[in-house]
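Data block below; observations after.
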Amino acid sequence: MHKVAILQSNYMPWKGYFDIIHDVDTFVFYDDVQFTRRDWRNRNKIKTPKGADWITVPVIKGPRDQLIHQVELQQSDWQQTHWRLIQQHYSKAPFFETYREFFEELYLQKQWTNLSDFNQHVIKQVSAQLLGLKTRFVDDREFAATERKDLRLLQICEALDADYYLSGPAAKGYIDEKHFEDAGVELAWKCYDGYPEYEQFHPPFDHGVSIIDTLMQAGPETPWYIWGWRAEDP
């Protein structure tokens with residue numbers, strides 16, 4: 001069975017995003033769709049003394065119908081600023097030094113100009129280098145899909161000879177399950193319930209923060225806190 005997931009790239013996603021990547025054989029970046037402002041595409045949350053707080057990548061404002069892969073980044077010192085914020089709030093975390101070099105390279109070794117390029121690079125590197133995932137990554141632009149909404153997703157699945165499509169629960173509002181049933185593609189909905197807590201700064205615990213938090217606090221045990229625990233779940 002060939003399992004596929006299709007999601008827009010996010011900035012430093014939360015652990016649930018990587019949970020979906022873990023569950024499939026091929027992960028498709030869905031960046032040939034409209035960029036939504038004040039969304040996860042260019043921002044995420046880290047824990048601070050004020051609680052979960054946003055860190056936002058500044059983008060150049062484009063037309064209303066601008067696609068994600070077309071979004072250019074403001075040429076400012078945001079990369080250095082974000083790295084300083086991570087240092088400020090996680091330097092005392094148990095695994096900060098473990099990942100210091102990894103994140104310094106992401107933020108300081110190259111000036112990024114395109115949001116999609118940066119997001120996709122980060123997600124691939126975190127998946128392979130830090131979480132040990134072997135999932136194949138592709139970009140939806142490779143398929144030149146022309147359908148709309150769920151039929152476009154199905155068109156990509158068919159191009160990949162997928163037997164199984166894993167979707168996030170937010171898509172229930174627009175995916176017609178019968179379309180997938182008629183095409184012979186099994187449709188499954190990802191459940192984010194039951195994630196175990198780890199030691200996290202500034203209680204109460206917040207599951208919805210960036211993978212940065214999980215890595216800094218749980219270190220090499222991060223995969224267990226994302227998916228490994230399920231093997232022990234009775």
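Here, A, B, ... name the chains of the structure tokens in the order displayed, residue numbers run from 1 inside each chain, and ligands are numbered from 1 in the same displayed order.
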*Using the chain letters and numbers from this document, which residues of region 108-217 of chain A does DSSP assign to alpha helix (DSSP H), as a ChimeraX atom specification?*
/A:108,115-125,149-159,177-183,211-217
With C-alpha atoms retained, write the just-selected residues as a tab-separated table (two decimals), in the first residue's frame.
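Saved as selection.tsv:
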```tsv
chain	number	residue	atom	x	y	z
A	108	LEU	CA	22.72	31.82	10.01
A	115	LEU	CA	9.10	31.27	2.17
A	116	SER	CA	8.30	27.94	0.55
A	117	ASP	CA	11.97	27.16	-0.06
A	118	PHE	CA	12.82	27.84	3.58
A	119	ASN	CA	9.86	25.92	5.03
A	120	GLN	CA	10.41	22.89	2.85
A	121	HIS	CA	14.12	22.80	3.61
A	122	VAL	CA	13.52	22.97	7.36
A	123	ILE	CA	10.85	20.27	7.31
A	124	LYS	CA	13.01	17.91	5.27
A	125	GLN	CA	16.07	18.47	7.46
A	149	LYS	CA	-10.25	21.37	-3.74
A	150	ASP	CA	-10.48	17.66	-2.92
A	151	LEU	CA	-10.47	16.62	-6.58
A	152	ARG	CA	-7.08	18.27	-6.90
A	153	LEU	CA	-5.81	16.24	-3.96
A	154	LEU	CA	-7.22	13.11	-5.56
A	155	GLN	CA	-5.57	13.98	-8.87
A	156	ILE	CA	-2.19	14.10	-7.11
A	157	CYS	CA	-2.91	10.81	-5.33
A	158	GLU	CA	-3.71	9.16	-8.64
A	159	ALA	CA	-0.51	10.54	-10.20
A	177	GLU	CA	-15.19	11.03	0.99
A	178	LYS	CA	-17.16	9.53	-1.90
A	179	HIS	CA	-14.70	10.99	-4.43
A	180	PHE	CA	-11.90	8.96	-2.84
A	181	GLU	CA	-14.08	5.88	-2.44
A	182	ASP	CA	-15.03	5.96	-6.13
A	183	ALA	CA	-11.35	6.29	-7.08
A	211	ILE	CA	8.73	21.23	17.04
A	212	ILE	CA	11.56	23.41	18.38
A	213	ASP	CA	10.06	23.08	21.85
A	214	THR	CA	9.74	19.29	21.69
A	215	LEU	CA	13.29	18.87	20.45
A	216	MET	CA	14.83	21.19	23.01
A	217	GLN	CA	12.99	19.53	25.88
```
*Which residues, written as a PyMOL selection string, have at least one atom at most 9 Å from Ser210 (chain A), with only C-alpha atoms counted and residues fewer than 2 positions away on the same chain left out?*
chain A and resi 11-15+44-47+207-208+212-214
*asked:* For a quick check of understanding, using only C-alpha atoms, which of A:Glu147, A:Arg136, A:Tyr107, A:Glu101 has the smallest distance to Val33 (chain A)?
replied: A:Glu147
*Counting only C-alpha atoms, what is within 6 Å of region 166-169 of chain A, bar same-chain residues fewer than 2 positions away, as number ranges by chain?*
A: 5, 171-172, 188-190
Prev. selection, N, CA, C and O atoms, output as an mmCIF file, in the first residue's frame:
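To be explicit, this is the file written out as result03.cif:
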```
data_model
loop_
_atom_site.group_PDB
_atom_site.id
_atom_site.type_symbol
_atom_site.label_atom_id
_atom_site.label_comp_id
_atom_site.auth_asym_id
_atom_site.auth_seq_id
_atom_site.Cartn_x
_atom_site.Cartn_y
_atom_site.Cartn_z
ATOM 1 N N ALA A 5 0.332 11.793 1.972
ATOM 2 C CA ALA A 5 -0.274 12.955 2.630
ATOM 3 C C ALA A 5 0.101 14.191 1.825
ATOM 4 O O ALA A 5 1.170 14.241 1.204
ATOM 5 N N ALA A 171 -9.512 19.272 7.151
ATOM 6 C CA ALA A 171 -9.994 19.170 5.769
ATOM 7 C C ALA A 171 -11.371 18.513 5.670
ATOM 8 O O ALA A 171 -11.928 18.413 4.563
ATOM 9 N N LYS A 172 -11.922 18.068 6.785
ATOM 10 C CA LYS A 172 -13.239 17.416 6.731
ATOM 11 C C LYS A 172 -14.309 18.340 6.171
ATOM 12 O O LYS A 172 -15.324 17.876 5.647
ATOM 13 N N ALA A 188 -8.163 8.356 5.152
ATOM 14 C CA ALA A 188 -8.043 8.260 6.612
ATOM 15 C C ALA A 188 -7.851 9.651 7.189
ATOM 16 O O ALA A 188 -7.266 10.535 6.553
ATOM 17 N N TRP A 189 -8.322 9.839 8.414
ATOM 18 C CA TRP A 189 -8.216 11.133 9.096
ATOM 19 C C TRP A 189 -7.228 11.010 10.245
ATOM 20 O O TRP A 189 -7.352 10.123 11.088
ATOM 21 N N LYS A 190 -6.277 11.890 10.285
ATOM 22 C CA LYS A 190 -5.280 11.866 11.349
ATOM 23 C C LYS A 190 -5.903 12.322 12.664
ATOM 24 O O LYS A 190 -6.612 13.330 12.721
#
```
*Using only C-alpha atoms, which residue out of A:Trp78, A:Arg148, A:Asp140, A:Asp176 lies closest to Val28 (chain A)?*
A:Asp140
*Option closest in space to Asp139 (chain A), from A:Asp19, A:Asp206, A:Glu105, A:Asp31 [counting only C-alpha atoms]*: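 The shortest atom-to-atom distance to Asp139 (chain A) comes from A:Asp31.
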*What is the CA of Thr135 (chain A) to CA of Val4 (chain A) distance in Å?*
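Separating CA of Thr135 (chain A) from CA of Val4 (chain A) is a distance of 9.8 Å.
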*asked:* I'd like to know which of A:Lys50, A:Arg230, A:Asp65, A:Asp23 is closest to Thr36 (chain A), using only C-alpha atoms.
replied: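 Once distances to Thr36 (chain A) are computed over only C-alpha atoms, the minimum belongs to A:Asp65.
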_Pick from A:Arg64, A:His82, A:Lys3, A:His69 nearest to Arg41 (chain A), counting only C-alpha atoms_ =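 So, comparing all the options, the nearest one is A:His69.
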*Tell me which protein, DNA and RNA residues are within 12 Å of Pro203 (chain A), counting only C-alpha atoms, leaving out same-chain ones fewer than 6 positions away, and put them as a list in words.*
Lys47, Thr48, Pro49, Lys50, Gly51, Ala52 and Glu197 of chain A
*Identify, on the basis of only C-alpha atoms, every residue whose closest approach to Gly219 (chain A) does not exceed 9 Å; exclude the query and any residue fewer than 4 positions from it along the same chain; express the result as a list in words.*
Pro94, Phe95, Phe96, Thr98, Tyr99, Leu130, Thr214, Leu215 and Pro223 of chain A
Next, dump the selected residues to file, keeping only N, CA and C atoms, as a PDB file, in the first residue's frame.
```pdb
ATOM      1  N   PRO A  94      17.260  21.169  28.354  1.00  0.00           N
ATOM      2  CA  PRO A  94      18.250  20.093  28.486  1.00  0.00           C
ATOM      3  C   PRO A  94      18.961  19.717  27.190  1.00  0.00           C
ATOM      4  N   PHE A  95      18.341  19.968  26.025  1.00  0.00           N
ATOM      5  CA  PHE A  95      18.962  19.539  24.772  1.00  0.00           C
ATOM      6  C   PHE A  95      19.283  20.707  23.843  1.00  0.00           C
ATOM      7  N   PHE A  96      19.388  21.901  24.416  1.00  0.00           N
ATOM      8  CA  PHE A  96      19.725  23.056  23.588  1.00  0.00           C
ATOM      9  C   PHE A  96      21.071  22.871  22.892  1.00  0.00           C
ATOM     10  N   THR A  98      22.565  20.173  22.173  1.00  0.00           N
ATOM     11  CA  THR A  98      22.490  19.074  21.208  1.00  0.00           C
ATOM     12  C   THR A  98      22.121  19.579  19.821  1.00  0.00           C
ATOM     13  N   TYR A  99      21.232  20.566  19.778  1.00  0.00           N
ATOM     14  CA  TYR A  99      20.712  21.033  18.493  1.00  0.00           C
ATOM     15  C   TYR A  99      21.183  22.434  18.105  1.00  0.00           C
ATOM     16  N   LEU A 130      16.898  14.826  12.390  1.00  0.00           N
ATOM     17  CA  LEU A 130      16.586  14.817  13.824  1.00  0.00           C
ATOM     18  C   LEU A 130      15.556  13.775  14.218  1.00  0.00           C
ATOM     19  N   THR A 214       9.646  20.734  21.419  1.00  0.00           N
ATOM     20  CA  THR A 214       9.736  19.294  21.686  1.00  0.00           C
ATOM     21  C   THR A 214      11.182  18.827  21.610  1.00  0.00           C
ATOM     22  N   LEU A 215      11.895  19.269  20.596  1.00  0.00           N
ATOM     23  CA  LEU A 215      13.290  18.866  20.446  1.00  0.00           C
ATOM     24  C   LEU A 215      14.145  19.363  21.602  1.00  0.00           C
ATOM     25  N   PRO A 223      10.896  11.455  18.914  1.00  0.00           N
ATOM     26  CA  PRO A 223      10.023  10.553  18.150  1.00  0.00           C
ATOM     27  C   PRO A 223       9.071   9.756  19.031  1.00  0.00           C
TER      28      PRO A 223
END
```
*asked:* as a list in words, please: every residue in region 89-176 of chain A that DSSP puts in strand (DSSP E or B).
replied: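 The strand (DSSP E or B) subset of region 89-176 of chain A is Asn114, Arg136, Phe137, Val138, Asp139, Tyr164, Tyr165, Leu166 and Ser167 of chain A.
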*For each of A:Ile55, A:Ile226, A:Leu85, A:Leu133, take the minimum atom-to-atom distance to Phe27 (chain A), counting only C-alpha atoms, then give the residue where this is smallest.*
A:Leu133
